[in-house]
Amino acid sequence: MGSSHIIGIEDGTAYFLVTSAKIAVMFGVVMITVAYTTLAERRVSAFIQDRLGPNRVGPMGLLQPIADGLKNLLKEETLPASASRLYFLLGPMLAMIPALVTFAVIPFAAPLPTPWGVVPMVIADVPIGVLYILALSSLGVYGVVIAGWASNNKYAFLGGLRASAQMISYEVGLGLSLIAVLMLAGNVTLTEIVSRQQQLGIWFALPLSLGFILFLICAFAETNRLPFDMPEAESELITGFHTEYSAMKFSMFFIAEYAHMLTASALMATLFFGGWDLPGTWDDMYMFQGQLISGFGANGAPIAATLTVWKSLATFLGFALKTGFFLFLYIWIRWTLPRFRYDQVMELGWKVIIPISLGYTMVLAATMLTLYEAGVEYGFTFGLVLSVVSGLCTLGFVFLLDKGGTIGGAASGKKVTFEQEIL
Amino acid sequence: MSGSYIPLLVLFGVSIVNAIGMGIASHILNPRRPTPVKEMPYESGMIPLGDTRQRFSVKFYVVAISFIVFDLETVFLIPWAVNLQSLGWGVFGAVSLFVLLLALGLVYEWRKGGLEWE
């Protein structure tokens, strides 16, 4: 075991080396995960539809992403004569850059002990955490809109317009559903949000169940995945905003989409499922007055956390599993739910998600203030009461959506009896 | 806190270099044999009629304006949410009023048909 000193900016060379290593590894891991998510998507789709999927390149098709990448690199690129050249080039880059840098603030494992000091397993533990993610996720819309505009193609243009309206609508919902997390965590730093979940003893998914459901819906809409893939909607708009893009530029949009999915999955795991935290308390560690502790003893004194390499590895595996599950959920839902109609998407966003998340925020705030007033300490009981309140809210939400009056079908606004429908 | 923004800047740099590198690599490696037909906008094989950049539905502007209002609301709620415990009931009342006003705005927009898409 090395010293318990946490490597920070004041360590100079050590900090520089550690940070460069982390950036290089994370960038590589993200790119490889993105490449293999494309393969997983095709294999899982094939599995769901009872066919084989790509299995010819390498064992079980494992080299398929590399073949795809090389093919896209060597293919001829078309540039429509009427397109705006500069923006046409800028579009895919603007889509890809924010998608790749968002991951930097997400903690992916317990701090790793090394002979030179403790290395926090997050690239940049910035004090603005969640705000940084919100800011970058709204940058993602620029790439799509610019690409749609620059192509000078009617389908691409419509796709870009739809994307802009849809993404900004759901961004409001995304931000509002995050308020619940911030209230419970009392902080916007993602490492703090993870440690507050350890202190609570329950992952936020239960005490904030409705918040999680709203966040999930908004994350799907933000990443333009089915059932919210209006900007692409191939049966309506060819492929939407990237109709004119081919070869590597098309690849870049693909990378951006999957990187967004990866980040959204990692965020769901971090904000609502404890991040790298594993069930039980053996791996708990968080900062308390500048020291890493694992909890408080019976007399209230902090117990210093014991760090081991194995703990870091196990927690990293836990984080990867949670993220992987949400990536799988993305693919699973794609082949389970049909696409919304555009007016339904906008109605869901403005008439359901926003009012409900506002109301839910206020209900939670009132409950939490009452609990604090009643002298209930932040801990298991606190979480349990919130879970009950949120559970009731979730039931109400499901009930409301199940009534079917909120999102209009083909006969929106009218009561249609069975006889009228078959006539 | 060892929180520092330098790694973020570095990562931004890496991503930008990566994006530009991909563009340049494919520019060098791929063949270019443009023909007039290849350079036409792809509209399912039809010859495009008219210009793409025409006036479009005003709905999109309405959404954009509502977005600004509600996104700002989120931004105002964040500092309150983070300090919920220390601010107590007084500020809760003020925030409720603020949220109520915006909710009224939403209801007004809803009633006026600003949220309808036919």
# chains A, B, ... in the order shown; residues from 1 in each chain; ligands from 1

call {"tool": "residues_around", "arguments": {"residues": "segment 19-24 of chain B", "least_positions_apart": "5", "cutoff": "8 Å", "atoms": "only C-alpha atoms", "output": "PyMOL selection string"}}
result
chain A and resi 93+96-97+248-249+252

call {"tool": "write_last_selection", "arguments": {"atoms": "all heavy atoms", "output": "mmCIF file, in the first residue's frame"}}
result
data_model
loop_
_atom_site.group_PDB
_atom_site.id
_atom_site.type_symbol
_atom_site.label_atom_id
_atom_site.label_comp_id
_atom_site.auth_asym_id
_atom_site.auth_seq_id
_atom_site.Cartn_x
_atom_site.Cartn_y
_atom_site.Cartn_z
ATOM 1 N N MET A 93 -18.372 17.000 -37.294
ATOM 2 C CA MET A 93 -17.386 17.256 -36.237
ATOM 3 C C MET A 93 -18.067 17.806 -34.995
ATOM 4 O O MET A 93 -17.788 17.390 -33.878
ATOM 5 C CB MET A 93 -16.338 18.248 -36.723
ATOM 6 C CG MET A 93 -15.429 17.660 -37.762
ATOM 7 S SD MET A 93 -14.155 18.805 -38.227
ATOM 8 C CE MET A 93 -13.433 17.911 -39.593
ATOM 9 N N MET A 96 -19.722 15.092 -33.141
ATOM 10 C CA MET A 96 -18.877 14.088 -32.503
ATOM 11 C C MET A 96 -18.124 14.627 -31.286
ATOM 12 O O MET A 96 -18.015 13.928 -30.279
ATOM 13 C CB MET A 96 -17.882 13.530 -33.516
ATOM 14 C CG MET A 96 -17.296 12.219 -33.061
ATOM 15 S SD MET A 96 -16.350 11.440 -34.345
ATOM 16 C CE MET A 96 -14.815 12.268 -34.176
ATOM 17 N N ILE A 97 -17.622 15.863 -31.371
ATOM 18 C CA ILE A 97 -16.754 16.361 -30.292
ATOM 19 C C ILE A 97 -17.460 16.391 -28.938
ATOM 20 O O ILE A 97 -16.951 15.809 -27.972
ATOM 21 C CB ILE A 97 -16.143 17.731 -30.690
ATOM 22 C CG1 ILE A 97 -15.177 17.535 -31.853
ATOM 23 C CG2 ILE A 97 -15.421 18.365 -29.510
ATOM 24 C CD1 ILE A 97 -14.796 18.802 -32.557
ATOM 25 N N MET A 248 -16.728 8.494 -44.282
ATOM 26 C CA MET A 248 -16.239 8.795 -42.932
ATOM 27 C C MET A 248 -17.135 9.788 -42.199
ATOM 28 O O MET A 248 -17.289 9.709 -40.990
ATOM 29 C CB MET A 248 -14.810 9.343 -43.025
ATOM 30 C CG MET A 248 -13.986 9.039 -41.813
ATOM 31 S SD MET A 248 -13.961 7.274 -41.477
ATOM 32 C CE MET A 248 -13.577 7.290 -39.748
ATOM 33 N N LYS A 249 -17.730 10.731 -42.945
ATOM 34 C CA LYS A 249 -18.574 11.720 -42.265
ATOM 35 C C LYS A 249 -19.811 11.045 -41.706
ATOM 36 O O LYS A 249 -20.283 11.377 -40.618
ATOM 37 C CB LYS A 249 -18.955 12.838 -43.227
ATOM 38 C CG LYS A 249 -17.771 13.700 -43.618
ATOM 39 C CD LYS A 249 -18.242 15.031 -44.160
ATOM 40 C CE LYS A 249 -17.090 15.773 -44.772
ATOM 41 N NZ LYS A 249 -16.645 15.120 -46.027
ATOM 42 N N MET A 252 -18.832 9.418 -38.594
ATOM 43 C CA MET A 252 -18.710 10.338 -37.463
ATOM 44 C C MET A 252 -20.059 10.568 -36.790
ATOM 45 O O MET A 252 -20.144 10.656 -35.570
ATOM 46 C CB MET A 252 -18.088 11.656 -37.922
ATOM 47 C CG MET A 252 -16.579 11.520 -38.129
ATOM 48 S SD MET A 252 -15.927 12.773 -39.214
ATOM 49 C CE MET A 252 -15.575 14.054 -38.066
#

call {"tool": "residues_around", "arguments": {"residues": "segment 84-101 of chain B", "least_positions_apart": "2", "cutoff": "8 Å", "atoms": "only C-alpha atoms", "output": "JSON list (two decimals) with N, CA and C atoms, in the first residue's frame"}}
result
[["chain", "number", "residue", "atom", "x", "y", "z"],
["A", 183, "MET", "N", -31.42, 17.73, -5.48],
["A", 183, "MET", "CA", -32.00, 18.01, -4.16],
["A", 183, "MET", "C", -31.56, 16.97, -3.15],
["A", 186, "GLY", "N", -27.63, 17.20, -2.87],
["A", 186, "GLY", "CA", -27.14, 18.46, -2.33],
["A", 186, "GLY", "C", -25.85, 18.91, -2.96],
["A", 358, "LEU", "N", -42.14, 19.11, -13.01],
["A", 358, "LEU", "CA", -42.25, 20.28, -12.13],
["A", 358, "LEU", "C", -42.99, 19.93, -10.85],
["A", 362, "MET", "N", -41.60, 19.64, -6.77],
["A", 362, "MET", "CA", -42.13, 20.34, -5.61],
["A", 362, "MET", "C", -42.58, 19.36, -4.53],
["A", 365, "ALA", "N", -39.49, 18.12, -2.82],
["A", 365, "ALA", "CA", -38.89, 19.16, -1.98],
["A", 365, "ALA", "C", -39.66, 19.28, -0.67],
["A", 366, "ALA", "N", -41.00, 19.28, -0.78],
["A", 366, "ALA", "CA", -41.83, 19.39, 0.43],
["A", 366, "ALA", "C", -41.59, 18.20, 1.35],
["A", 369, "LEU", "N", -38.14, 18.51, 3.01],
["A", 369, "LEU", "CA", -38.10, 19.55, 4.05],
["A", 369, "LEU", "C", -38.84, 19.07, 5.30],
["A", 372, "TYR", "N", -36.59, 16.67, 7.14],
["A", 372, "TYR", "CA", -35.51, 17.37, 7.86],
["A", 372, "TYR", "C", -36.07, 18.02, 9.12],
["B", 77, "LEU", "N", -33.65, 26.85, -10.84],
["B", 77, "LEU", "CA", -34.00, 25.87, -9.81],
["B", 77, "LEU", "C", -32.77, 25.15, -9.26],
["B", 80, "TRP", "N", -31.21, 26.39, -5.93],
["B", 80, "TRP", "CA", -32.15, 26.12, -4.84],
["B", 80, "TRP", "C", -32.12, 24.65, -4.47],
["B", 81, "ALA", "N", -32.13, 23.77, -5.51],
["B", 81, "ALA", "CA", -32.18, 22.33, -5.25],
["B", 81, "ALA", "C", -30.95, 21.89, -4.45],
["B", 82, "VAL", "N", -29.79, 22.45, -4.81],
["B", 82, "VAL", "CA", -28.55, 22.03, -4.15],
["B", 82, "VAL", "C", -28.55, 22.45, -2.69],
["B", 103, "ALA", "N", -45.92, 27.62, -14.57],
["B", 103, "ALA", "CA", -46.91, 26.61, -14.92],
["B", 103, "ALA", "C", -48.13, 27.28, -15.54],
["B", 104, "LEU", "N", -48.50, 28.45, -14.98],
["B", 104, "LEU", "CA", -49.62, 29.22, -15.56],
["B", 104, "LEU", "C", -49.29, 29.60, -16.99],
["B", 105, "GLY", "N", -48.04, 30.01, -17.21],
["B", 105, "GLY", "CA", -47.61, 30.35, -18.56],
["B", 105, "GLY", "C", -47.77, 29.18, -19.50]]

call {"tool": "closest_atom_pairs", "arguments": {"of": "chain B", "to": "chain A", "cutoff": "6 Å", "atoms": "only C-alpha atoms", "output": "JSON lines"}}
result
{"residue": "B:Ser2", "atom": "CA", "partner": "A:Gly8", "partner_atom": "CA", "distance": 4.6}
{"residue": "B:Gly3", "atom": "CA", "partner": "A:Asp125", "partner_atom": "CA", "distance": 4.6}
{"residue": "B:Ser4", "atom": "CA", "partner": "A:Val126", "partner_atom": "CA", "distance": 5.9}
{"residue": "B:Pro7", "atom": "CA", "partner": "A:Ala124", "partner_atom": "CA", "distance": 5.9}
{"residue": "B:Ser15", "atom": "CA", "partner": "A:Ile97", "partner_atom": "CA", "distance": 5.6}
{"residue": "B:Ala19", "atom": "CA", "partner": "A:Met93", "partner_atom": "CA", "distance": 5.7}
{"residue": "B:Ser26", "atom": "CA", "partner": "A:Leu73", "partner_atom": "CA", "distance": 5.1}
{"residue": "B:Leu29", "atom": "CA", "partner": "A:Leu74", "partner_atom": "CA", "distance": 5.7}
{"residue": "B:Asn30", "atom": "CA", "partner": "A:Leu74", "partner_atom": "CA", "distance": 4.7}
{"residue": "B:Pro31", "atom": "CA", "partner": "A:Glu76", "partner_atom": "CA", "distance": 5.2}
{"residue": "B:Arg32", "atom": "CA", "partner": "A:Glu76", "partner_atom": "CA", "distance": 5.9}
{"residue": "B:Glu39", "atom": "CA", "partner": "A:Pro80", "partner_atom": "CA", "distance": 4.3}
{"residue": "B:Met40", "atom": "CA", "partner": "A:Pro80", "partner_atom": "CA", "distance": 5.5}
{"residue": "B:Pro41", "atom": "CA", "partner": "A:Asn153", "partner_atom": "CA", "distance": 5.6}
{"residue": "B:Thr52", "atom": "CA", "partner": "A:Lys154", "partner_atom": "CA", "distance": 5.3}
{"residue": "B:Asp71", "atom": "CA", "partner": "A:Val172", "partner_atom": "CA", "distance": 5.4}
{"residue": "B:Thr74", "atom": "CA", "partner": "A:Leu176", "partner_atom": "CA", "distance": 5.9}
{"residue": "B:Ala81", "atom": "CA", "partner": "A:Met183", "partner_atom": "CA", "distance": 4.5}
{"residue": "B:Val82", "atom": "CA", "partner": "A:Gly186", "partner_atom": "CA", "distance": 4.2}
{"residue": "B:Trp117", "atom": "CA", "partner": "A:Asp343", "partner_atom": "CA", "distance": 5.0}

call {"tool": "write_last_selection", "arguments": {"atoms": "C-alpha atoms", "output": "compact mmCIF listing (two decimals), in the first residue's frame"}}
result
# COMPACT_ATOMS: atom_id res chain seq x y z
CA SER B 2 -8.19 17.93 -6.90
CA GLY B 3 -10.91 19.19 -9.24
CA SER B 4 -9.26 20.90 -12.12
CA PRO B 7 -7.86 17.58 -18.10
CA SER B 15 -11.41 15.09 -29.46
CA ALA B 19 -12.41 14.69 -35.44
CA SER B 26 -10.61 10.02 -45.32
CA LEU B 29 -7.48 7.97 -48.67
CA ASN B 30 -10.80 8.01 -50.49
CA PRO B 31 -11.18 8.20 -54.26
CA ARG B 32 -13.00 11.14 -55.83
CA GLU B 39 -23.57 15.72 -56.83
CA MET B 40 -27.34 16.08 -56.95
CA PRO B 41 -29.20 16.14 -53.61
CA THR B 52 -34.87 23.65 -49.83
CA ASP B 71 -34.51 26.06 -19.65
CA THR B 74 -34.23 24.86 -14.73
CA ALA B 81 -32.18 22.33 -5.25
CA VAL B 82 -28.55 22.03 -4.15
CA TRP B 117 -49.03 19.94 -33.84

call {"tool": "closest_residue", "arguments": {"among": "A:Val388, A:Ile353, A:Leu337, A:Ala21", "to": "Leu401 of chain A", "atoms": "only C-alpha atoms"}}
result
A:Ile353

call {"tool": "residues_around", "arguments": {"residues": "Tyr36 of chain A", "least_positions_apart": "2", "cutoff": "12 Å", "atoms": "only C-alpha atoms", "output": "PDB file with N, CA and C atoms, in the first residue's frame"}}
result
ATOM      1  N   VAL A  29     -11.044   3.443 -24.566  1.00  0.00           N
ATOM      2  CA  VAL A  29     -12.139   2.576 -24.131  1.00  0.00           C
ATOM      3  C   VAL A  29     -13.464   3.054 -24.710  1.00  0.00           C
ATOM      4  N   VAL A  30     -13.675   4.385 -24.716  1.00  0.00           N
ATOM      5  CA  VAL A  30     -14.933   4.904 -25.253  1.00  0.00           C
ATOM      6  C   VAL A  30     -15.053   4.565 -26.738  1.00  0.00           C
ATOM      7  N   MET A  31     -13.950   4.784 -27.493  1.00  0.00           N
ATOM      8  CA  MET A  31     -14.010   4.520 -28.930  1.00  0.00           C
ATOM      9  C   MET A  31     -14.264   3.041 -29.204  1.00  0.00           C
ATOM     10  N   ILE A  32     -13.588   2.169 -28.438  1.00  0.00           N
ATOM     11  CA  ILE A  32     -13.762   0.733 -28.662  1.00  0.00           C
ATOM     12  C   ILE A  32     -15.171   0.310 -28.265  1.00  0.00           C
ATOM     13  N   THR A  33     -15.659   0.858 -27.137  1.00  0.00           N
ATOM     14  CA  THR A  33     -17.019   0.514 -26.713  1.00  0.00           C
ATOM     15  C   THR A  33     -18.028   0.951 -27.764  1.00  0.00           C
ATOM     16  N   VAL A  34     -17.813   2.152 -28.319  1.00  0.00           N
ATOM     17  CA  VAL A  34     -18.718   2.647 -29.355  1.00  0.00           C
ATOM     18  C   VAL A  34     -18.704   1.696 -30.547  1.00  0.00           C
ATOM     19  N   THR A  38     -21.950  -0.838 -31.862  1.00  0.00           N
ATOM     20  CA  THR A  38     -22.577  -0.968 -33.181  1.00  0.00           C
ATOM     21  C   THR A  38     -22.735  -2.440 -33.541  1.00  0.00           C
ATOM     22  N   LEU A  39     -21.703  -3.231 -33.212  1.00  0.00           N
ATOM     23  CA  LEU A  39     -21.797  -4.668 -33.485  1.00  0.00           C
ATOM     24  C   LEU A  39     -22.873  -5.300 -32.612  1.00  0.00           C
ATOM     25  N   ALA A  40     -22.864  -4.928 -31.310  1.00  0.00           N
ATOM     26  CA  ALA A  40     -23.848  -5.492 -30.378  1.00  0.00           C
ATOM     27  C   ALA A  40     -25.247  -5.161 -30.855  1.00  0.00           C
ATOM     28  N   GLU A  41     -25.411  -3.914 -31.337  1.00  0.00           N
ATOM     29  CA  GLU A  41     -26.722  -3.512 -31.819  1.00  0.00           C
ATOM     30  C   GLU A  41     -27.193  -4.455 -32.924  1.00  0.00           C
ATOM     31  N   ARG A  42     -26.285  -4.733 -33.873  1.00  0.00           N
ATOM     32  CA  ARG A  42     -26.682  -5.569 -35.009  1.00  0.00           C
ATOM     33  C   ARG A  42     -26.900  -7.012 -34.586  1.00  0.00           C
ATOM     34  N   ARG A  43     -26.061  -7.494 -33.676  1.00  0.00           N
ATOM     35  CA  ARG A  43     -26.212  -8.884 -33.231  1.00  0.00           C
ATOM     36  C   ARG A  43     -27.479  -9.061 -32.389  1.00  0.00           C
ATOM     37  N   VAL A  44     -27.705  -8.092 -31.477  1.00  0.00           N
ATOM     38  CA  VAL A  44     -28.888  -8.205 -30.610  1.00  0.00           C
ATOM     39  C   VAL A  44     -30.154  -8.043 -31.441  1.00  0.00           C
ATOM     40  N   GLY A  61     -18.050 -12.679 -35.774  1.00  0.00           N
ATOM     41  CA  GLY A  61     -18.219 -11.328 -36.293  1.00  0.00           C
ATOM     42  C   GLY A  61     -17.527 -10.259 -35.466  1.00  0.00           C
ATOM     43  N   LEU A  62     -16.558 -10.679 -34.627  1.00  0.00           N
ATOM     44  CA  LEU A  62     -15.960  -9.713 -33.699  1.00  0.00           C
ATOM     45  C   LEU A  62     -15.092  -8.666 -34.397  1.00  0.00           C
ATOM     46  N   LEU A  63     -14.666  -8.940 -35.617  1.00  0.00           N
ATOM     47  CA  LEU A  63     -13.838  -7.943 -36.306  1.00  0.00           C
ATOM     48  C   LEU A  63     -14.676  -7.031 -37.201  1.00  0.00           C
ATOM     49  N   GLN A  64     -15.986  -7.218 -37.183  1.00  0.00           N
ATOM     50  CA  GLN A  64     -16.875  -6.434 -38.032  1.00  0.00           C
ATOM     51  C   GLN A  64     -16.706  -4.917 -37.873  1.00  0.00           C
ATOM     52  N   PRO A  65     -16.629  -4.387 -36.623  1.00  0.00           N
ATOM     53  CA  PRO A  65     -16.473  -2.926 -36.503  1.00  0.00           C
ATOM     54  C   PRO A  65     -15.217  -2.415 -37.187  1.00  0.00           C
ATOM     55  N   ILE A  66     -14.132  -3.203 -37.133  1.00  0.00           N
ATOM     56  CA  ILE A  66     -12.886  -2.761 -37.770  1.00  0.00           C
ATOM     57  C   ILE A  66     -13.075  -2.734 -39.285  1.00  0.00           C
ATOM     58  N   ALA A  67     -13.723  -3.776 -39.807  1.00  0.00           N
ATOM     59  CA  ALA A  67     -13.986  -3.821 -41.243  1.00  0.00           C
ATOM     60  C   ALA A  67     -14.856  -2.640 -41.668  1.00  0.00           C
ATOM     61  N   ASP A  68     -15.877  -2.339 -40.862  1.00  0.00           N
ATOM     62  CA  ASP A  68     -16.752  -1.198 -41.167  1.00  0.00           C
ATOM     63  C   ASP A  68     -15.967   0.102 -41.186  1.00  0.00           C
ATOM     64  N   GLY A  69     -15.105   0.268 -40.162  1.00  0.00           N
ATOM     65  CA  GLY A  69     -14.323   1.493 -40.063  1.00  0.00           C
ATOM     66  C   GLY A  69     -13.432   1.663 -41.268  1.00  0.00           C
ATOM     67  N   ILE A 255     -20.627   7.472 -34.750  1.00  0.00           N
ATOM     68  CA  ILE A 255     -19.839   7.493 -33.511  1.00  0.00           C
ATOM     69  C   ILE A 255     -20.502   8.421 -32.507  1.00  0.00           C
ATOM     70  N   TYR A 258     -23.645   6.798 -30.933  1.00  0.00           N
ATOM     71  CA  TYR A 258     -23.366   5.736 -29.966  1.00  0.00           C
ATOM     72  C   TYR A 258     -22.611   6.273 -28.752  1.00  0.00           C
ATOM     73  N   ALA A 259     -21.778   7.293 -28.966  1.00  0.00           N
ATOM     74  CA  ALA A 259     -21.100   7.890 -27.807  1.00  0.00           C
ATOM     75  C   ALA A 259     -22.119   8.562 -26.898  1.00  0.00           C
ATOM     76  N   LEU A 262     -23.743   5.880 -24.957  1.00  0.00           N
ATOM     77  CA  LEU A 262     -22.843   5.397 -23.905  1.00  0.00           C
ATOM     78  C   LEU A 262     -22.847   6.358 -22.724  1.00  0.00           C
ATOM     79  N   GLY A 324     -23.489  -1.238 -19.333  1.00  0.00           N
ATOM     80  CA  GLY A 324     -23.798  -2.197 -20.388  1.00  0.00           C
ATOM     81  C   GLY A 324     -25.273  -2.557 -20.396  1.00  0.00           C
ATOM     82  N   LEU A 327     -27.110   0.186 -22.116  1.00  0.00           N
ATOM     83  CA  LEU A 327     -26.867   0.128 -23.559  1.00  0.00           C
ATOM     84  C   LEU A 327     -27.745  -0.953 -24.178  1.00  0.00           C
ATOM     85  N   PHE A 328     -27.833  -2.086 -23.490  1.00  0.00           N
ATOM     86  CA  PHE A 328     -28.666  -3.179 -23.974  1.00  0.00           C
ATOM     87  C   PHE A 328     -30.128  -2.754 -24.003  1.00  0.00           C
TER      88      PHE A 328
END

call {"tool": "select_by_dssp", "arguments": {"residues": "chain B", "states": "helix (DSSP H, G or I)", "output": "PyMOL selection string"}}
result
chain B and resi 6-29+59-82+84-111

call {"tool": "atom_distance", "arguments": {"atom1": "atom CA of Ala305 of chain A", "atom2": "atom CA of Pro113 of chain A"}}
result
11.3 Å

call {"tool": "closest_residue", "arguments": {"among": "A:Gly91, A:Pro231, A:Gly383, A:Gly148", "to": "Arg53 of chain B", "atoms": "only C-alpha atoms"}}
result
A:Gly148

call {"tool": "closest_residue", "arguments": {"among": "B:Leu11, B:Leu102, B:Ile16, B:Leu115", "to": "Val69 of chain B", "atoms": "only C-alpha atoms"}}
result
B:Leu102

call {"tool": "atom_distance", "arguments": {"atom1": "atom CA of Glu236 of chain A", "atom2": "atom CA of Pro48 of chain B"}}
result
16.6 Å

call {"tool": "select_by_dssp", "arguments": {"residues": "segment 11-240 of chain A", "states": "strand (DSSP E or B)", "output": "ChimeraX atom specification"}}
result
/A:112-114,117-119

call {"tool": "atom_distance", "arguments": {"atom1": "atom CA of Ala320 of chain A", "atom2": "atom CA of Pro107 of chain A"}}
result
11.4 Å
